[in-house]
file final-v1.txt (compact mmCIF, C-alpha atoms)
# COMPACT_ATOMS: atom_id res chain seq x y z
CA MET A 102 6.10 33.63 -4.80
CA SER A 103 6.84 34.94 -1.32
CA ALA A 104 10.21 36.51 -0.55
CA GLN A 105 12.79 34.18 0.91
CA LEU A 106 13.23 34.42 4.66
CA ASP A 107 16.56 35.54 6.03
CA ILE A 108 17.43 32.48 8.10
CA SER A 109 20.84 32.85 9.70
CA LEU A 110 23.45 30.12 9.63
CA LEU A 111 23.23 29.91 13.42
CA THR A 112 19.47 29.24 13.24
CA TRP A 113 20.05 26.49 10.68
CA LEU A 114 22.77 24.92 12.81
CA LEU A 115 20.70 25.08 16.00
CA THR A 116 17.69 23.52 14.26
CA ILE A 117 19.77 20.73 12.75
CA GLY A 118 21.45 20.27 16.14
CA LEU A 119 18.06 19.87 17.84
CA VAL A 120 16.96 17.29 15.26
CA VAL A 121 20.24 15.37 15.59
CA ALA A 122 20.00 15.44 19.38
CA LEU A 123 16.47 14.03 19.33
CA LEU A 124 17.55 11.36 16.85
CA ALA A 125 20.51 10.50 19.08
CA VAL A 126 18.14 9.92 22.00
CA ASP A 127 16.07 7.58 19.81
CA LEU A 128 19.16 5.72 18.65
CA VAL A 129 20.48 5.26 22.18
CA VAL A 130 17.13 4.01 23.47
CA ALA A 131 16.70 1.67 20.49
CA ALA A 132 20.24 0.28 20.63
CA LYS A 133 20.76 0.05 24.39
CA ARG A 134 17.32 -1.03 25.53
CA PRO A 135 15.56 -3.18 22.90
CA HIS A 136 12.10 -3.99 24.23
CA HIS A 137 8.42 -4.18 23.43
CA VAL A 138 7.00 -0.64 23.20
CA GLY A 139 3.60 -0.47 24.88
CA ILE A 140 0.74 1.94 24.30
CA GLY A 141 1.63 4.07 27.32
CA GLU A 142 5.24 4.58 26.26
CA ALA A 143 4.29 5.18 22.63
CA THR A 144 1.68 7.75 23.68
CA ALA A 145 4.19 9.61 25.86
CA TRP A 146 6.77 9.75 23.04
CA SER A 147 4.14 10.81 20.48
CA VAL A 148 2.74 13.59 22.68
CA GLY A 149 6.28 14.73 23.42
CA TYR A 150 7.24 14.99 19.75
CA VAL A 151 4.02 16.81 18.84
CA ALA A 152 4.61 19.22 21.73
CA ILE A 153 8.15 19.89 20.48
CA ALA A 154 6.85 20.54 16.94
CA ILE A 155 4.16 22.90 18.25
CA GLY A 156 6.69 24.68 20.45
CA PHE A 157 9.00 25.12 17.49
CA GLY A 158 6.09 26.41 15.38
CA VAL A 159 5.14 28.97 18.03
CA TRP A 160 8.75 30.17 18.30
CA PHE A 161 9.05 30.34 14.51
CA THR A 162 5.79 32.31 14.21
CA LEU A 163 6.83 34.81 16.87
CA HIS A 164 10.19 35.42 15.19
CA TYR A 165 9.24 35.32 11.49
CA GLY A 166 5.57 36.24 11.35
CA GLY A 167 2.16 34.65 10.99
CA GLY A 168 2.52 33.83 7.29
CA PRO A 169 5.66 31.70 7.54
CA GLY A 170 4.37 30.25 10.82
CA THR A 171 1.16 29.12 9.15
CA GLU A 172 3.19 27.61 6.32
CA PHE A 173 5.16 25.56 8.85
CA PHE A 174 2.05 24.20 10.56
CA VAL A 175 0.36 23.36 7.23
CA GLY A 176 3.55 21.75 5.93
CA TYR A 177 3.88 19.78 9.17
CA LEU A 178 0.28 18.57 8.87
CA VAL A 179 0.83 17.49 5.25
CA GLU A 180 4.01 15.60 6.09
CA LYS A 181 2.43 14.03 9.16
CA SER A 182 -0.51 12.75 7.13
CA LEU A 183 1.77 11.38 4.41
CA SER A 184 3.93 9.74 7.10
CA VAL A 185 0.96 7.62 8.16
CA ASP A 186 1.11 6.01 4.72
CA ASN A 187 4.79 5.32 5.44
CA LEU A 188 3.66 3.45 8.53
CA PHE A 189 1.53 1.09 6.43
CA VAL A 190 4.60 0.13 4.44
CA PHE A 191 6.74 -0.17 7.58
CA VAL A 192 4.20 -2.63 9.01
CA ILE A 193 4.33 -4.68 5.80
CA ILE A 194 8.15 -4.65 5.80
CA MET A 195 8.25 -5.79 9.44
CA SER A 196 5.80 -8.60 8.69
CA THR A 197 7.45 -9.65 5.43
CA PHE A 198 10.83 -10.09 7.09
CA SER A 199 9.42 -11.34 10.41
CA VAL A 200 11.33 -8.70 12.39
CA PRO A 201 11.31 -9.62 16.10
CA ASP A 202 9.32 -7.17 18.21
CA ARG A 203 12.34 -6.14 20.29
CA HIS A 204 14.25 -5.01 17.17
CA ARG A 205 11.47 -2.93 15.56
CA HIS A 206 12.42 0.06 17.68
CA LYS A 207 15.93 0.08 16.15
CA VAL A 208 14.71 -0.51 12.59
CA LEU A 209 12.30 2.41 12.75
CA THR A 210 14.88 4.80 14.17
CA PHE A 211 17.45 3.92 11.50
CA GLY A 212 14.71 4.21 8.89
CA ILE A 213 13.90 7.72 10.07
CA VAL A 214 17.58 8.72 9.93
CA LEU A 215 17.78 7.46 6.34
CA ALA A 216 14.58 9.31 5.44
CA LEU A 217 15.88 12.59 6.88
CA VAL A 218 19.17 12.32 4.98
CA MET A 219 17.42 11.53 1.69
CA ARG A 220 14.81 14.23 2.11
CA GLY A 221 17.51 16.73 3.02
CA ILE A 222 19.13 16.03 -0.35
CA PHE A 223 15.78 16.35 -2.15
CA ILE A 224 15.01 19.61 -0.32
CA ALA A 225 18.33 21.16 -1.34
CA LEU A 226 17.84 20.01 -4.93
CA GLY A 227 14.21 21.18 -5.06
CA ALA A 228 15.00 24.58 -3.57
CA THR A 229 17.83 25.11 -6.06
CA LEU A 230 15.65 24.17 -9.03
CA LEU A 231 12.77 26.38 -7.86
CA SER A 232 15.10 29.34 -7.45
CA LEU A 233 16.41 28.88 -11.00
CA PHE A 234 13.34 27.73 -12.93
CA SER A 235 9.79 28.70 -12.00
CA PHE A 236 8.35 26.04 -14.32
CA VAL A 237 9.50 23.47 -11.74
CA PHE A 238 6.28 24.39 -9.91
CA LEU A 239 4.40 23.08 -12.95
CA LEU A 240 6.44 19.87 -13.02
CA PHE A 241 5.92 19.30 -9.29
CA GLY A 242 2.20 19.94 -9.70
CA LEU A 243 1.86 17.47 -12.56
CA LEU A 244 3.86 14.87 -10.61
CA LEU A 245 1.55 15.18 -7.60
CA ILE A 246 -1.59 14.95 -9.73
CA TYR A 247 -0.22 11.84 -11.47
CA THR A 248 0.64 10.33 -8.09
CA ALA A 249 -2.84 11.16 -6.78
CA VAL A 250 -4.59 9.53 -9.75
CA GLN A 251 -2.46 6.38 -9.58
CA LEU A 252 -2.79 6.12 -5.80
CA TYR A 253 -6.58 6.39 -6.10
CA ARG A 254 -6.75 3.82 -8.92
CA HIS A 255 -4.74 1.28 -6.91
CA ARG A 256 -5.92 2.29 -3.45
CA ASP A 257 -6.78 -1.32 -2.45
CA GLU A 258 -3.31 -2.77 -3.12
CA ASP A 259 -0.31 -3.52 -0.91
CA PRO A 260 3.37 -3.12 -1.87
CA ASP A 261 5.43 -6.19 -2.67
CA ILE A 262 8.57 -5.35 -0.70
CA GLU A 263 10.50 -8.42 -1.78
CA ASP A 264 9.88 -7.57 -5.44
CA ASN A 265 11.80 -4.32 -4.91
CA VAL A 266 14.82 -4.34 -7.26
CA VAL A 267 17.27 -3.16 -4.59
CA VAL A 268 16.06 -5.73 -2.05
CA LYS A 269 16.18 -8.57 -4.60
CA THR A 270 19.69 -7.58 -5.65
CA SER A 271 20.86 -7.34 -2.03
CA ARG A 272 19.59 -10.81 -1.25
CA ARG A 273 21.25 -12.18 -4.36
CA VAL A 274 24.71 -10.66 -3.90
CA LEU A 275 25.05 -10.43 -0.10
CA PRO A 276 25.62 -13.38 2.27
CA VAL A 277 22.61 -13.21 4.59
CA THR A 278 22.25 -15.21 7.82
CA ASP A 279 19.09 -17.12 8.69
CA ASP A 280 18.52 -15.35 12.00
CA TYR A 281 18.76 -11.80 13.36
CA ALA A 282 21.91 -12.50 15.42
CA GLY A 283 20.78 -10.45 18.41
CA GLY A 284 19.87 -7.42 16.34
CA ASP A 285 23.31 -6.79 14.82
CA LEU A 286 23.70 -5.71 11.21
CA PHE A 287 26.82 -7.80 10.63
CA THR A 288 28.07 -11.06 12.08
CA HIS A 289 30.54 -13.87 11.46
CA GLU A 290 29.83 -17.48 10.67
CA GLY A 291 33.19 -19.17 10.97
CA ASP A 292 35.65 -17.05 8.99
CA LYS A 293 32.97 -15.57 6.77
CA ARG A 294 31.57 -12.09 7.42
CA MET A 295 27.83 -11.96 6.78
CA VAL A 296 24.93 -9.53 7.01
CA THR A 297 21.81 -10.28 9.02
CA PRO A 298 18.23 -9.96 7.76
CA LEU A 299 18.11 -6.67 9.71
CA PHE A 300 20.54 -5.19 7.17
CA VAL A 301 18.21 -6.17 4.31
CA VAL A 302 15.27 -4.68 6.22
CA LEU A 303 17.11 -1.36 6.48
CA ILE A 304 17.82 -1.47 2.74
CA ALA A 305 14.09 -2.04 2.10
CA ILE A 306 13.07 0.83 4.37
CA GLY A 307 15.72 3.14 2.92
CA THR A 308 14.55 2.43 -0.62
CA ILE A 309 10.92 3.02 0.30
CA ASP A 310 11.89 6.25 2.10
CA LEU A 311 13.59 7.49 -1.04
CA LEU A 312 10.55 6.73 -3.17
CA PHE A 313 8.18 8.39 -0.69
CA ALA A 314 10.26 11.56 -0.88
CA LEU A 315 9.31 11.83 -4.56
CA ASP A 316 5.84 13.02 -3.59
CA SER A 317 6.28 14.32 -0.02
CA ILE A 318 8.90 16.94 -0.93
CA PRO A 319 6.95 18.39 -3.90
CA ALA A 320 3.85 18.35 -1.68
CA VAL A 321 5.39 20.51 1.02
CA PHE A 322 6.95 22.81 -1.61
CA GLY A 323 3.35 23.31 -2.71
CA ILE A 324 2.73 24.88 0.71
CA THR A 325 5.91 26.94 1.02
CA SER A 326 8.95 27.80 -1.08
CA GLN A 327 11.07 28.37 2.03
CA PRO A 328 13.75 25.61 2.27
CA TYR A 329 14.04 26.10 6.04
CA VAL A 330 10.31 25.58 6.53
CA VAL A 331 10.33 22.55 4.22
CA PHE A 332 13.19 21.00 6.20
CA ALA A 333 11.65 21.76 9.60
CA ALA A 334 8.22 20.41 8.62
CA ASN A 335 9.76 17.18 7.33
CA ALA A 336 12.15 16.77 10.25
CA PHE A 337 9.57 17.24 13.00
CA ALA A 338 7.00 15.06 11.22
CA LEU A 339 9.51 12.23 10.79
CA LEU A 340 10.89 12.48 14.32
CA GLY A 341 7.58 11.33 15.72
CA LEU A 342 7.19 8.51 13.22
CA ARG A 343 8.80 5.82 15.39
CA ALA A 344 6.52 6.44 18.35
CA LEU A 345 3.50 6.87 16.08
CA PHE A 346 4.19 3.44 14.57
CA PHE A 347 3.80 1.71 17.93
CA LEU A 348 0.83 3.88 18.87
CA VAL A 349 -1.32 3.33 15.79
CA GLN A 350 -0.10 0.01 14.34
CA GLY A 351 -3.27 -1.65 15.63
CA LEU A 352 -5.38 1.15 14.12
CA LEU A 353 -3.81 1.19 10.65
CA ASP A 354 -5.98 -1.65 9.35
CA ARG A 355 -9.05 0.45 10.12
CA LEU A 356 -8.04 3.52 8.08
CA VAL A 357 -9.62 2.08 4.95
CA TYR A 358 -10.11 5.44 3.24
CA LEU A 359 -6.65 6.87 4.01
CA SER A 360 -5.35 6.29 0.47
CA VAL A 361 -8.38 8.10 -0.92
CA GLY A 362 -7.78 11.01 1.44
CA LEU A 363 -4.08 11.22 0.60
CA SER A 364 -4.84 11.12 -3.13
CA LEU A 365 -7.23 14.06 -2.66
CA ILE A 366 -4.63 16.01 -0.68
CA LEU A 367 -1.91 15.36 -3.26
CA ALA A 368 -4.24 16.36 -6.11
CA PHE A 369 -5.24 19.55 -4.27
CA ILE A 370 -1.61 20.54 -3.67
CA GLY A 371 -0.80 19.65 -7.29
CA VAL A 372 -3.48 22.07 -8.49
CA LYS A 373 -2.15 24.68 -6.05
CA LEU A 374 1.34 24.36 -7.53
CA ILE A 375 0.08 24.64 -11.11
CA LEU A 376 -1.92 27.76 -10.23
CA GLN A 377 1.15 29.20 -8.52
CA TRP A 378 3.20 28.58 -11.67
CA ALA A 379 0.49 30.13 -13.87
CA HIS A 380 0.28 33.17 -11.57
CA GLU A 381 4.05 33.72 -11.86
CA ASP A 382 4.67 32.83 -15.52
CA VAL A 383 1.36 33.27 -17.35
CA SER A 384 -0.74 36.01 -15.79
CA LYS A 385 -1.06 37.70 -12.41
CA SER A 386 -4.83 37.39 -12.86
CA VAL A 387 -4.59 33.63 -12.26
CA PRO A 388 -5.68 33.13 -8.64
CA GLU A 389 -3.45 31.47 -6.04
CA ILE A 390 -4.73 29.24 -3.25
CA PRO A 391 -4.07 30.85 0.16
CA THR A 392 -2.18 28.88 2.80
CA LEU A 393 -5.06 29.11 5.28
CA LEU A 394 -7.43 27.62 2.72
CA SER A 395 -4.94 24.79 2.21
CA LEU A 396 -4.91 24.19 5.97
CA ALA A 397 -8.72 24.04 6.06
CA VAL A 398 -8.97 21.67 3.09
CA ILE A 399 -6.30 19.29 4.41
CA ALA A 400 -7.75 19.27 7.93
CA VAL A 401 -11.28 18.59 6.65
CA VAL A 402 -10.13 15.80 4.32
CA LEU A 403 -8.19 14.07 7.11
CA ALA A 404 -11.07 14.41 9.56
CA VAL A 405 -13.65 13.06 7.10
CA VAL A 406 -11.37 10.19 6.04
CA THR A 407 -10.70 9.16 9.64
CA VAL A 408 -14.33 9.27 10.73
CA ALA A 409 -15.60 7.55 7.57
CA SER A 410 -12.96 4.81 7.95
CA LEU A 411 -13.87 4.09 11.56
CA VAL A 412 -17.58 4.01 10.72
CA LYS A 413 -16.95 1.67 7.77
CA THR A 414 -14.85 -0.80 9.77
CA LYS A 415 -17.31 -0.75 12.65
CA ARG A 416 -20.09 -1.80 10.28
CA ASP A 417 -17.91 -4.31 8.44
CA PRO A 418 -14.95 -5.53 10.57
CA SER A 419 -13.71 -7.73 7.72
CA VAL A 420 -12.65 -4.68 5.68
CA LYS A 421 -8.91 -3.94 5.88
CA ALA A 422 -6.97 -0.86 4.84
CA HIS A 423 -4.18 -0.80 2.24
CA PRO A 424 -1.42 1.77 1.62
CA GLY A 425 -2.10 1.86 -2.13
CA SER A 426 0.19 1.42 -5.13
CA LEU A 427 1.30 3.36 -8.17
CA ARG A 428 1.22 0.29 -10.40
CA THR A 429 -1.31 -2.38 -11.27
CA ARG A 430 -1.03 -5.60 -9.30
CA ARG A 431 0.79 -8.23 -11.31
CA ALA A 432 -1.30 -11.08 -12.61
CA SER A 433 1.29 -13.55 -11.36
CA ALA A 434 1.31 -12.13 -7.87
CA GLY A 435 0.44 -14.64 -5.26
CA ARG A 436 1.45 -14.99 -1.67
CA SER A 437 4.92 -15.18 -0.30
CA GLY A 438 6.14 -17.97 1.88
CA LYS A 439 5.29 -15.90 4.94
CA GLY A 440 1.71 -15.41 3.83
CA GLN A 441 2.15 -11.77 2.85
CA PRO A 442 0.18 -10.44 -0.12
CA GLN A 443 2.28 -9.83 -3.18
CA ALA A 444 1.58 -6.70 -5.19
CA ALA A 445 3.41 -4.06 -7.14
CA ASP A 446 5.70 -1.82 -5.14
CA ARG A 447 3.97 1.39 -4.16
CA ARG A 448 6.70 3.68 -5.45
CA SER A 449 8.73 0.99 -7.17
CA SER A 450 12.26 1.47 -8.23
call {"tool": "encode", "arguments": {"input": "final-v1.txt", "output": "structure tokens"}}
result
Amino acid sequence: MSAQLDISLLTWLLTIGLVVALLAVDLVVAAKRPHHVGIGEATAWSVGYVAIAIGFGVWFTLHYGGGPGTEFFVGYLVEKSLSVDNLFVFVIIMSTFSVPDRHRHKVLTFGIVLALVMRGIFIALGATLLSLFSFVFLLFGLLLIYTAVQLYRHRDEDPDIEDNVVVKTSRRVLPVTDDYAGGDLFTHEGDKRMVTPLFVVLIAIGTIDLLFALDSIPAVFGITSQPYVVFAANAFALLGLRALFFLVQGLLDRLVYLSVGLSLILAFIGVKLILQWAHEDVSKSVPEIPTLLSLAVIAVVLAVVTVASLVKTKRDPSVKAHPGSLRTRRASAGRSGKGQPQAADRRSS
């Protein structure tokens, strides 16, 4: 295990401040100017966020060395690839709840804020456990391999958002309006205070974000044990998620092998974690997988998956991609009233 970097409190605060400032810009744009986001605008935002992440990575490398810098870029690539799977589920949530196009901007930004808060908690917890118990590497590795196997087995399934326990409970106990009430979360009907469907959508996205963190955080800890790098990789990958949604939402259906690729990446990182544990606790003769090799493997898998998916859908346009599931589709699953496929929740609570 590499020595922990000496990251000053000021550096932490400045990094968090930068992330909060970028989120604030997103929130202001989403709240003050709800509109349809076109390809040109989405491309500009996406390129901007990638440029910011690269700029941060260059600064980090110059100040802390090539090793930690490489870990950041590999961790960023892992989180970015896993975030594309998030986008699949976001698309399904938007469709399931018939979210108006002008409000999707706001929903995504709030969803990203919730994801950052939840992952921040997981990062702090994971870093504490790893510092106290080295066998946590083994547990993380086994969790990722299990996730990879299940994701591959159920790679052709979609999540049933409305079957989510938290969403079902919210709809049962909360007074929900029939319309989106101009994009507000709360409204009044007469003397009764009610929530809008947008509130339930945020609950759905928040729940899914929490469940996604169960594999994304162990995955990036498989690349680096530095909490600062884990946080930065997650933060910069998620910051670009809103713009990426609008940029690639028309392309998502064509990434038919994405679940296969992600299952391979998760399995690879799982093996890496187990070898790291064995190297520390069993024998120094057990080899570890270098970070640069991880970068090469992940990049090759993503490239092959993307090209193979585009070739497949070009030959057979009827084939559609799915985000995958960790559970078998229920036999009773049919179609919801909105025509959305019903399946087991991908990382069901």
call {"tool": "atom_distance", "arguments": {"input": "final-v1.txt", "atom1": "CA of Ile222 (chain A)", "atom2": "CA of Ile246 (chain A)"}}
result
22.8 Å
call {"tool": "atom_distance", "arguments": {"input": "final-v1.txt", "atom1": "CA of Thr414 (chain A)", "atom2": "CA of Leu356 (chain A)"}}
result
8.2 Å
call {"tool": "residues_near_point", "arguments": {"input": "final-v1.txt", "point": "(8.8, -3.2, 7.4)", "cutoff": "12 Å", "atoms": "all atoms listed in the file", "output": "NGL selection string"}}
result
:A and (187-202 or 204-209 or 211-212 or 260-263 or 298-310 or 346 or 350 or 441)
call {"tool": "residues_around", "arguments": {"input": "final-v1.txt", "residues": "Thr288 (chain A)", "least_positions_apart": "6", "cutoff": "10 Å", "atoms": "all atoms listed in the file", "output": "list in words"}}
result
Val277, Thr278, Tyr281, Ala282, Arg294, Met295, Val296 and Thr297 of chain A
call {"tool": "write_last_selection", "arguments": {"input": "final-v1.txt", "atoms": "C-alpha atoms", "output": "tab-separated table (two decimals), in the coordinates of the input"}}
result
chain	number	residue	atom	x	y	z
A	277	VAL	CA	22.61	-13.21	4.59
A	278	THR	CA	22.25	-15.21	7.82
A	281	TYR	CA	18.76	-11.80	13.36
A	282	ALA	CA	21.91	-12.50	15.42
A	294	ARG	CA	31.57	-12.09	7.42
A	295	MET	CA	27.83	-11.96	6.78
A	296	VAL	CA	24.93	-9.53	7.01
A	297	THR	CA	21.81	-10.28	9.02
call {"tool": "atom_distance", "arguments": {"input": "final-v1.txt", "atom1": "CA of Ser395 (chain A)", "atom2": "CA of Leu233 (chain A)"}}
result
25.4 Å
call {"tool": "closest_residue", "arguments": {"input": "final-v1.txt", "among": "A:Gly362, A:Val408, A:Leu115, A:Thr210", "to": "Val129 (chain A)", "atoms": "all atoms listed in the file"}}
result
A:Thr210
call {"tool": "residues_around", "arguments": {"input": "final-v1.txt", "residues": "Ala228 (chain A)", "least_positions_apart": "3", "cutoff": "12 Å", "atoms": "only C-alpha atoms", "output": "compact mmCIF listing (two decimals) with C-alpha atoms, in the coordinates of the input"}}
result
# COMPACT_ATOMS: atom_id res chain seq x y z
CA GLN A 105 12.79 34.18 0.91
CA ARG A 220 14.81 14.23 2.11
CA GLY A 221 17.51 16.73 3.02
CA ILE A 222 19.13 16.03 -0.35
CA PHE A 223 15.78 16.35 -2.15
CA ILE A 224 15.01 19.61 -0.32
CA ALA A 225 18.33 21.16 -1.34
CA LEU A 231 12.77 26.38 -7.86
CA SER A 232 15.10 29.34 -7.45
CA LEU A 233 16.41 28.88 -11.00
CA PHE A 234 13.34 27.73 -12.93
CA SER A 235 9.79 28.70 -12.00
CA VAL A 237 9.50 23.47 -11.74
CA PHE A 238 6.28 24.39 -9.91
CA PHE A 241 5.92 19.30 -9.29
CA ILE A 318 8.90 16.94 -0.93
CA PRO A 319 6.95 18.39 -3.90
CA VAL A 321 5.39 20.51 1.02
CA PHE A 322 6.95 22.81 -1.61
CA GLY A 323 3.35 23.31 -2.71
CA THR A 325 5.91 26.94 1.02
CA SER A 326 8.95 27.80 -1.08
CA GLN A 327 11.07 28.37 2.03
CA PRO A 328 13.75 25.61 2.27
CA TYR A 329 14.04 26.10 6.04
CA VAL A 330 10.31 25.58 6.53
CA VAL A 331 10.33 22.55 4.22
CA PHE A 332 13.19 21.00 6.20
call {"tool": "residues_around", "arguments": {"input": "final-v1.txt", "residues": "Pro418 (chain A)", "least_positions_apart": "4", "cutoff": "10 Å", "atoms": "all atoms listed in the file", "output": "list in words"}}
result
Asp354, Arg355, Leu411, Val412, Lys413 and Thr414 of chain A
call {"tool": "residues_around", "arguments": {"input": "final-v1.txt", "residues": "Ile213 (chain A)", "least_positions_apart": "3", "cutoff": "8 Å", "atoms": "only C-alpha atoms", "output": "list in words"}}
result
Leu209, Thr210, Ala216, Leu217, Leu339, Leu340, Leu342 and Arg343 of chain A
call {"tool": "closest_residue", "arguments": {"input": "final-v1.txt", "among": "A:Leu359, A:Leu245, A:Ala314, A:Val266", "to": "Ile375 (chain A)", "atoms": "all atoms listed in the file"}}
result
A:Leu245
call {"tool": "residues_around", "arguments": {"input": "final-v1.txt", "residues": "Val372 (chain A)", "least_positions_apart": "2", "cutoff": "12 Å", "atoms": "all atoms listed in the file", "output": "ChimeraX atom specification"}}
result
/A:238-247,249,319-320,323-324,365-370,374-379,388-390,395
call {"tool": "closest_residue", "arguments": {"input": "final-v1.txt", "among": "A:Thr407, A:Thr392, A:Thr116, A:Ser109", "to": "Phe174 (chain A)", "atoms": "only C-alpha atoms"}}
result
A:Thr392
call {"tool": "closest_residue", "arguments": {"input": "final-v1.txt", "among": "A:Arg416, A:Arg203, A:Lys181, A:Arg256", "to": "Phe337 (chain A)", "atoms": "all atoms listed in the file"}}
result
A:Lys181
